[in-house]
Structures are given as C-alpha cells and as structure tokens.
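A.B. asks: Here you go, my_file.txt (compact mmCIF, C-alpha atoms and all ligand atoms):
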```
# COMPACT_ATOMS: atom_id res chain seq x y z
CA MET A 792 -24.66 -3.75 -11.45
CA LEU A 793 -22.49 -1.98 -8.92
CA ASN A 794 -24.27 0.49 -6.65
CA LYS A 795 -23.32 4.07 -7.66
CA GLU A 796 -22.15 5.02 -4.16
CA ILE A 797 -19.95 1.93 -3.98
CA GLU A 798 -18.62 2.68 -7.47
CA ALA A 799 -17.66 6.22 -6.36
CA ALA A 800 -16.03 4.87 -3.19
CA PHE A 801 -13.99 2.38 -5.26
CA ASN A 802 -12.88 5.17 -7.59
CA ALA A 803 -11.70 7.17 -4.56
CA GLN A 804 -9.92 4.08 -3.22
CA ILE A 805 -8.27 3.39 -6.60
CA ASN A 806 -6.90 6.93 -6.51
CA ALA A 807 -5.67 6.37 -2.91
CA GLU A 808 -3.89 3.16 -4.00
CA PHE A 809 -2.15 4.97 -6.86
CA TRP A 810 -1.27 7.78 -4.45
CA SER A 811 0.25 5.13 -2.14
CA ALA A 812 2.21 3.71 -5.08
CA TYR A 813 3.53 7.19 -5.90
CA LEU A 814 4.47 7.81 -2.25
CA TYR A 815 6.46 4.55 -2.06
CA LEU A 816 8.12 5.21 -5.40
CA SER A 817 9.19 8.60 -4.05
CA MET A 818 10.62 6.89 -0.96
CA SER A 819 12.41 4.37 -3.16
CA MET A 820 14.00 7.13 -5.25
CA HIS A 821 14.98 9.10 -2.14
CA PHE A 822 16.76 6.14 -0.52
CA ALA A 823 18.43 5.11 -3.78
CA HIS A 824 19.84 8.63 -3.88
CA GLU A 825 20.96 8.37 -0.24
CA GLY A 826 22.87 5.13 -0.90
CA PHE A 827 20.42 2.72 0.77
CA ALA A 828 19.92 0.30 -2.13
CA GLY A 829 18.11 -2.27 0.04
CA ILE A 830 15.56 0.18 1.46
CA ALA A 831 15.08 1.54 -2.07
CA ASN A 832 14.40 -2.03 -3.23
CA TRP A 833 11.87 -2.61 -0.44
CA PHE A 834 9.92 0.52 -1.37
CA ALA A 835 10.16 -0.35 -5.08
CA VAL A 836 8.38 -3.67 -4.33
CA GLN A 837 5.86 -1.73 -2.25
CA PHE A 838 5.30 0.56 -5.25
CA LYS A 839 4.43 -2.48 -7.41
CA GLU A 840 2.12 -3.92 -4.75
CA GLU A 841 0.15 -0.69 -4.51
CA GLN A 842 -0.31 -0.64 -8.28
CA ASP A 843 -1.57 -4.21 -7.95
CA HIS A 844 -4.08 -3.11 -5.30
CA ALA A 845 -5.41 -0.49 -7.71
CA THR A 846 -5.49 -3.05 -10.55
CA ILE A 847 -7.45 -5.58 -8.46
CA MET A 848 -10.02 -2.87 -7.68
CA MET A 849 -10.19 -1.66 -11.29
CA ASN A 850 -10.75 -5.24 -12.50
CA TYR A 851 -13.47 -5.66 -9.91
CA VAL A 852 -15.31 -2.44 -10.82
CA ASN A 853 -15.20 -3.50 -14.49
CA SER A 854 -16.42 -6.99 -13.70
CA ARG A 855 -19.46 -5.54 -11.88
CA GLY A 856 -20.39 -3.26 -14.76
CA GLY A 857 -19.08 -0.09 -13.10
CA LYS A 858 -16.86 2.55 -14.68
CA VAL A 859 -13.35 3.35 -13.48
CA ILE A 860 -12.60 7.08 -13.47
CA LEU A 861 -8.94 7.93 -13.05
CA GLU A 862 -8.38 11.24 -11.29
CA PRO A 863 -5.08 13.17 -10.93
CA ILE A 864 -2.66 11.84 -8.32
CA ALA A 865 -1.77 14.42 -5.65
CA ALA A 866 1.85 15.34 -4.93
CA VAL A 867 3.84 13.28 -2.41
CA ASP A 868 6.75 14.09 -0.09
CA THR A 869 10.21 13.74 -1.55
CA GLU A 870 12.54 13.90 1.48
CA TRP A 871 12.87 11.89 4.70
CA ASN A 872 15.57 12.66 7.26
CA ALA A 873 16.24 9.03 8.12
CA PRO A 874 14.90 5.53 7.29
CA ILE A 875 12.86 5.49 10.52
CA ASP A 876 11.00 8.63 9.39
CA ALA A 877 9.96 6.90 6.16
CA PHE A 878 8.71 3.84 8.04
CA ASN A 879 6.81 6.01 10.54
CA HIS A 880 5.26 7.78 7.56
CA THR A 881 4.46 4.37 6.01
CA LEU A 882 2.70 3.16 9.16
CA LEU A 883 0.64 6.35 9.50
CA HIS A 884 -0.30 6.14 5.85
CA GLU A 885 -1.28 2.46 6.08
CA ASN A 886 -3.42 3.23 9.16
CA LYS A 887 -5.28 5.72 6.98
CA VAL A 888 -5.67 3.22 4.13
CA THR A 889 -7.03 0.65 6.62
CA SER A 890 -9.71 3.06 7.75
CA LEU A 891 -10.64 3.79 4.10
CA ILE A 892 -10.97 0.05 3.38
CA ASN A 893 -13.04 -0.37 6.54
CA ASP A 894 -15.33 2.47 5.41
CA LEU A 895 -15.73 0.80 2.03
CA TYR A 896 -16.60 -2.49 3.74
CA ALA A 897 -19.13 -0.72 5.98
CA LEU A 898 -20.76 0.84 2.91
CA ALA A 899 -20.93 -2.56 1.18
CA THR A 900 -22.54 -3.99 4.31
CA GLU A 901 -25.07 -1.16 4.44
CA LYS A 902 -25.95 -1.71 0.78
CA LYS A 903 -26.13 -5.50 1.25
CA ASP A 904 -23.48 -5.93 -1.46
CA TYR A 905 -22.11 -9.36 -0.47
CA ALA A 906 -19.77 -9.71 -3.46
CA THR A 907 -17.98 -6.49 -2.54
CA GLN A 908 -17.72 -7.59 1.08
CA SER A 909 -16.18 -10.85 -0.08
CA MET A 910 -13.55 -9.23 -2.36
CA LEU A 911 -12.63 -6.65 0.31
CA LYS A 912 -11.70 -9.40 2.78
CA TRP A 913 -8.38 -9.91 0.98
CA PHE A 914 -7.63 -6.18 1.44
CA ILE A 915 -8.57 -6.28 5.13
CA ASP A 916 -6.06 -9.12 5.71
CA GLU A 917 -3.46 -7.36 3.57
CA GLN A 918 -3.73 -4.21 5.72
CA VAL A 919 -2.99 -6.22 8.89
CA GLU A 920 0.21 -7.46 7.25
CA GLU A 921 1.22 -4.01 5.98
CA GLU A 922 0.79 -2.38 9.38
CA GLU A 923 2.58 -5.23 11.13
CA THR A 924 5.60 -5.06 8.82
CA ALA A 925 5.96 -1.27 9.10
CA GLY A 926 5.67 -1.56 12.91
CA GLU A 927 8.37 -4.27 13.02
CA TYR A 928 10.78 -2.17 10.98
CA ILE A 929 10.15 0.86 13.19
CA ASN A 930 11.03 -1.24 16.27
CA THR A 931 14.17 -2.57 14.62
CA LEU A 932 15.26 0.92 13.55
CA LYS A 933 14.67 2.24 17.08
CA LYS A 934 17.07 -0.42 18.39
CA ILE A 935 19.63 0.38 15.69
CA GLY A 936 19.53 4.13 16.40
CA ASP A 937 22.62 5.78 14.88
CA ASN A 938 24.63 2.58 14.64
CA GLY A 939 26.11 2.63 11.12
CA TYR A 940 26.75 -1.12 10.99
CA GLY A 941 23.18 -1.78 12.15
CA LEU A 942 21.80 0.39 9.37
CA TYR A 943 24.11 -1.33 6.88
CA MET A 944 22.73 -4.74 7.94
CA PHE A 945 19.13 -3.46 7.88
CA ASP A 946 19.64 -2.21 4.34
CA LYS A 947 21.10 -5.60 3.34
CA GLU A 948 18.07 -7.40 4.79
CA LEU A 949 15.63 -5.25 2.83
CA ALA A 950 17.61 -5.84 -0.37
CA ALA A 951 16.38 -9.46 -0.26
CA ARG A 952 12.71 -8.57 -0.71
CA THR A 953 11.30 -9.86 -3.97
CA TYR A 954 8.00 -9.15 -5.68
CA THR A 955 5.31 -11.79 -5.91
CA THR A 956 2.01 -11.37 -7.72
CA PRO A 957 -0.80 -11.06 -5.16
CA ALA A 958 -3.33 -13.91 -5.09
CA PRO A 959 -6.31 -12.02 -6.60
CA LEU A 960 -4.19 -11.19 -9.69
CA ALA A 961 -2.33 -14.51 -9.84
CA ASN A 962 -5.67 -16.35 -9.81
CA LYS A 963 -6.81 -14.41 -12.85
CA ASN A 964 -4.07 -15.93 -15.07
FE1 LIG B 1001 -2.77 -0.66 -0.80
FE2 LIG B 1001 -0.57 -0.32 1.33
O1 LIG B 1001 -2.34 -0.63 0.93
```
Represent the structure from my file as structure tokens, please.
Ligand code: FEO
C.D. replies:
Amino acid sequence: MLNKEIEAAFNAQINAEFWSAYLYLSMSMHFAHEGFAGIANWFAVQFKEEQDHATIMMNYVNSRGGKVILEPIAAVDTEWNAPIDAFNHTLLHENKVTSLINDLYALATEKKDYATQSMLKWFIDEQVEEEETAGEYINTLKKIGDNGYGLYMFDKELAARTYTTPAPLANKN
C-alpha cells in the first residue's frame, strides 16, 4: 500500500505533469500560428511526452493500491515574443519540475519506500535530458540572434523530431 503522503505528492506531481503538457501544447499552438511549423512540432512531441509522464505516474499509483485524484489544470501563458523566450521558459519550468521530482524522491527515501525510489530514477534521468536539450537550444538561438535564415534552419531541424513511447510505457505492452 502506498504511503498517504507519497500518494498526495504523486497526485500533485501528476497535476504538474499535465500542467507541463498544457504549457507545451500552448507553445506548440503559438508557434504554429507564427509560422514556425518545426518548433510547433517539437512542442507537440513535448506535449505527448508530458502526458506520458503523468500516465506512468498514474499507472504506478494504481499499481501500489493508491488513488489518483485529478485536479483542475491551471492556466498557462499563450504568447512568447520569440522562440528563445519559449525555450528560456521551458528551461526554467524544467528546473522547477526537477526540484519537484527530487522532493518526491527525498520523501520516498524518508519513508523507506524503495519501490518508489526505483521508479523515480527514470524521471531523474529524464530531467537531466530535458534540461540539457532546452539549454542547447537556448545556446543555438543566442548564436542565431535575428538571422532569418538561421531561424529558418532551426525550425527545419525541429521539424524532424518524432515521438517515441518512453521505456516505462513501452515495457508495459
Ligand atoms: Fe515531465 Fe518535462 O518533465
């Protein structure tokens, strides 16, 4: 049986993952509207990944006999002045998510919940990747500055991103 405090922390994290999904969907729609189809694609994949993060956690809470409680998802921003602003926002947001995951891990450690510690390891690694990618794009966009051709090429590069089912969900099938 899942400890009640850990269950509540997972429910808060599930809401944060859906909030992340909603934020990236909003970014995707914004950049589609601005004519950046590639950036819109990249954030659309990000939107799916965040829903997967929530799904992995919901499956886990269920498997441990806990109850998932879905709360309302708070509003997200709808405008970014430039692609670099959206990626700065992404990095700041992912930093916050990392600290939430770390808090959850610390709680699991305190409660001697080894199964939760084990499942959270995938998320800890995932956060390293998410922060690294956002940081790389910020550096690239700083170099590009206002160069229209550079932005055109950046958009083309992001158009190539495809979705793959994350391991914890792929392993379930
Ligand atoms: Fe679910 Fe972007 O972390």
A.B. asks: Counting all atoms listed in the file, write as a list in words all protein and nucleic acid residues lying at most 10 Å from (-7.1, 1.1, 4.4) in the file's frame.
C.D. replies: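 The distance filter leaves exactly Gln804, Ala807, Glu808, His884, Glu885, Asn886, Lys887, Val888, Thr889, Ser890, Leu891, Ile892, Asn893, Asp894, Leu895, Phe914, Ile915, Glu917, Gln918, Val919, Glu921 and Glu922 of chain A.
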A.B. asks: So, counting all atoms listed in the file, which residue among A:Ile797, A:Ala865, A:Leu932, A:Ile860 is closest to Ala812 (chain A)?
C.D. replies: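 Between A:Ile797, A:Ala865, A:Leu932, A:Ile860, the residue approaching Ala812 (chain A) most closely is A:Ala865.
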A.B. asks: Give as JSON, numbers by chain each residue that has an atom at most 12 Å from (19.7, -8.8, 2.3) in the file, counting all atoms listed in the file.
C.D. replies: {"A": [827, 828, 829, 830, 832, 833, 942, 943, 944, 945, 946, 947, 948, 949, 950, 951, 952, 953]}
A.B. asks: Pick the closest to His844 (chain A) from A:His821, A:Ala873, A:Leu911, A:Asn930: which is it, counting all atoms listed in the file?
C.D. replies: A:Leu911
A.B. asks: Give me the residues within 12 Å of Asn850 (chain A) as a compact mmCIF listing (two decimals) with C-alpha atoms, keeping the file's coordinate frame, counting all atoms listed in the file and dropping any in the same chain fewer than 5 places off.
C.D. replies:
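The result, stored in around_13.txt:
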```
# COMPACT_ATOMS: atom_id res chain seq x y z
CA PHE A 801 -13.99 2.38 -5.26
CA ASN A 802 -12.88 5.17 -7.59
CA ILE A 805 -8.27 3.39 -6.60
CA ASP A 843 -1.57 -4.21 -7.95
CA HIS A 844 -4.08 -3.11 -5.30
CA ALA A 845 -5.41 -0.49 -7.71
CA ARG A 855 -19.46 -5.54 -11.88
CA GLY A 856 -20.39 -3.26 -14.76
CA GLY A 857 -19.08 -0.09 -13.10
CA LYS A 858 -16.86 2.55 -14.68
CA VAL A 859 -13.35 3.35 -13.48
CA MET A 910 -13.55 -9.23 -2.36
CA PRO A 959 -6.31 -12.02 -6.60
CA LEU A 960 -4.19 -11.19 -9.69
CA LYS A 963 -6.81 -14.41 -12.85
```
A.B. asks: In Å, rounded to a single decimal, give me how far atom FE2 of ligand LIG 1001 (chain B) is from CA of Leu882 (chain A).
C.D. replies: 9.2 Å
A.B. asks: What gap, in Å, lies between CA of Thr931 (chain A) and CA of His880 (chain A)?
C.D. replies: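 According to the coordinates, CA of Thr931 (chain A) and CA of His880 (chain A) are separated by 15.4 Å.
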A.B. asks: Looking at A:Ala831, A:Lys839, A:Ile929, A:Thr956, which one is nearest to ligand LIG 1001 (chain B), with distances taken over all atoms listed in the file?
C.D. replies: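 Of all the options, A:Lys839 lies closest to ligand LIG 1001 (chain B).
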A.B. asks: Missing atoms in region 837-852 of chain A need filling: write out N, CA, C and O atoms for it as a PDB file, keeping the file's coordinate frame.
C.D. replies:
```pdb
ATOM      1  N   GLN A 837       7.087  -2.308  -2.813  1.00  0.00           N
ATOM      2  CA  GLN A 837       5.860  -1.730  -2.250  1.00  0.00           C
ATOM      3  C   GLN A 837       5.100  -0.936  -3.326  1.00  0.00           C
ATOM      4  O   GLN A 837       3.871  -1.006  -3.411  1.00  0.00           O
ATOM      5  N   PHE A 838       5.863  -0.214  -4.130  1.00  0.00           N
ATOM      6  CA  PHE A 838       5.300   0.560  -5.250  1.00  0.00           C
ATOM      7  C   PHE A 838       4.508  -0.366  -6.186  1.00  0.00           C
ATOM      8  O   PHE A 838       3.370  -0.068  -6.581  1.00  0.00           O
ATOM      9  N   LYS A 839       5.112  -1.532  -6.512  1.00  0.00           N
ATOM     10  CA  LYS A 839       4.430  -2.480  -7.410  1.00  0.00           C
ATOM     11  C   LYS A 839       3.168  -3.028  -6.745  1.00  0.00           C
ATOM     12  O   LYS A 839       2.131  -3.188  -7.397  1.00  0.00           O
ATOM     13  N   GLU A 840       3.275  -3.343  -5.454  1.00  0.00           N
ATOM     14  CA  GLU A 840       2.120  -3.920  -4.750  1.00  0.00           C
ATOM     15  C   GLU A 840       0.940  -2.950  -4.735  1.00  0.00           C
ATOM     16  O   GLU A 840      -0.212  -3.354  -4.871  1.00  0.00           O
ATOM     17  N   GLU A 841       1.239  -1.672  -4.547  1.00  0.00           N
ATOM     18  CA  GLU A 841       0.150  -0.690  -4.510  1.00  0.00           C
ATOM     19  C   GLU A 841      -0.525  -0.556  -5.878  1.00  0.00           C
ATOM     20  O   GLU A 841      -1.745  -0.382  -5.961  1.00  0.00           O
ATOM     21  N   GLN A 842       0.290  -0.660  -6.941  1.00  0.00           N
ATOM     22  CA  GLN A 842      -0.310  -0.640  -8.280  1.00  0.00           C
ATOM     23  C   GLN A 842      -1.200  -1.868  -8.463  1.00  0.00           C
ATOM     24  O   GLN A 842      -2.260  -1.797  -9.093  1.00  0.00           O
ATOM     25  N   ASP A 843      -0.753  -2.997  -7.893  1.00  0.00           N
ATOM     26  CA  ASP A 843      -1.570  -4.210  -7.950  1.00  0.00           C
ATOM     27  C   ASP A 843      -2.895  -4.005  -7.224  1.00  0.00           C
ATOM     28  O   ASP A 843      -3.942  -4.454  -7.697  1.00  0.00           O
ATOM     29  N   HIS A 844      -2.838  -3.351  -6.051  1.00  0.00           N
ATOM     30  CA  HIS A 844      -4.080  -3.110  -5.300  1.00  0.00           C
ATOM     31  C   HIS A 844      -5.067  -2.315  -6.175  1.00  0.00           C
ATOM     32  O   HIS A 844      -6.253  -2.634  -6.233  1.00  0.00           O
ATOM     33  N   ALA A 845      -4.542  -1.293  -6.838  1.00  0.00           N
ATOM     34  CA  ALA A 845      -5.410  -0.490  -7.710  1.00  0.00           C
ATOM     35  C   ALA A 845      -5.947  -1.344  -8.857  1.00  0.00           C
ATOM     36  O   ALA A 845      -7.132  -1.273  -9.205  1.00  0.00           O
ATOM     37  N   THR A 846      -5.087  -2.208  -9.417  1.00  0.00           N
ATOM     38  CA  THR A 846      -5.490  -3.050 -10.550  1.00  0.00           C
ATOM     39  C   THR A 846      -6.592  -4.037 -10.134  1.00  0.00           C
ATOM     40  O   THR A 846      -7.572  -4.241 -10.870  1.00  0.00           O
ATOM     41  N   ILE A 847      -6.434  -4.633  -8.943  1.00  0.00           N
ATOM     42  CA  ILE A 847      -7.450  -5.580  -8.460  1.00  0.00           C
ATOM     43  C   ILE A 847      -8.807  -4.858  -8.361  1.00  0.00           C
ATOM     44  O   ILE A 847      -9.846  -5.380  -8.762  1.00  0.00           O
ATOM     45  N   MET A 848      -8.769  -3.632  -7.836  1.00  0.00           N
ATOM     46  CA  MET A 848     -10.020  -2.870  -7.680  1.00  0.00           C
ATOM     47  C   MET A 848     -10.592  -2.455  -9.036  1.00  0.00           C
ATOM     48  O   MET A 848     -11.811  -2.511  -9.240  1.00  0.00           O
ATOM     49  N   MET A 849      -9.707  -2.060  -9.961  1.00  0.00           N
ATOM     50  CA  MET A 849     -10.190  -1.660 -11.290  1.00  0.00           C
ATOM     51  C   MET A 849     -10.838  -2.857 -11.996  1.00  0.00           C
ATOM     52  O   MET A 849     -11.911  -2.730 -12.603  1.00  0.00           O
ATOM     53  N   ASN A 850     -10.182  -4.026 -11.896  1.00  0.00           N
ATOM     54  CA  ASN A 850     -10.750  -5.240 -12.500  1.00  0.00           C
ATOM     55  C   ASN A 850     -12.124  -5.536 -11.903  1.00  0.00           C
ATOM     56  O   ASN A 850     -13.057  -5.925 -12.619  1.00  0.00           O
ATOM     57  N   TYR A 851     -12.215  -5.347 -10.594  1.00  0.00           N
ATOM     58  CA  TYR A 851     -13.470  -5.660  -9.910  1.00  0.00           C
ATOM     59  C   TYR A 851     -14.583  -4.707 -10.346  1.00  0.00           C
ATOM     60  O   TYR A 851     -15.703  -5.150 -10.655  1.00  0.00           O
ATOM     61  N   VAL A 852     -14.293  -3.419 -10.391  1.00  0.00           N
ATOM     62  CA  VAL A 852     -15.310  -2.440 -10.820  1.00  0.00           C
ATOM     63  C   VAL A 852     -15.781  -2.791 -12.238  1.00  0.00           C
ATOM     64  O   VAL A 852     -16.986  -2.823 -12.507  1.00  0.00           O
TER      65      VAL A 852
END
```
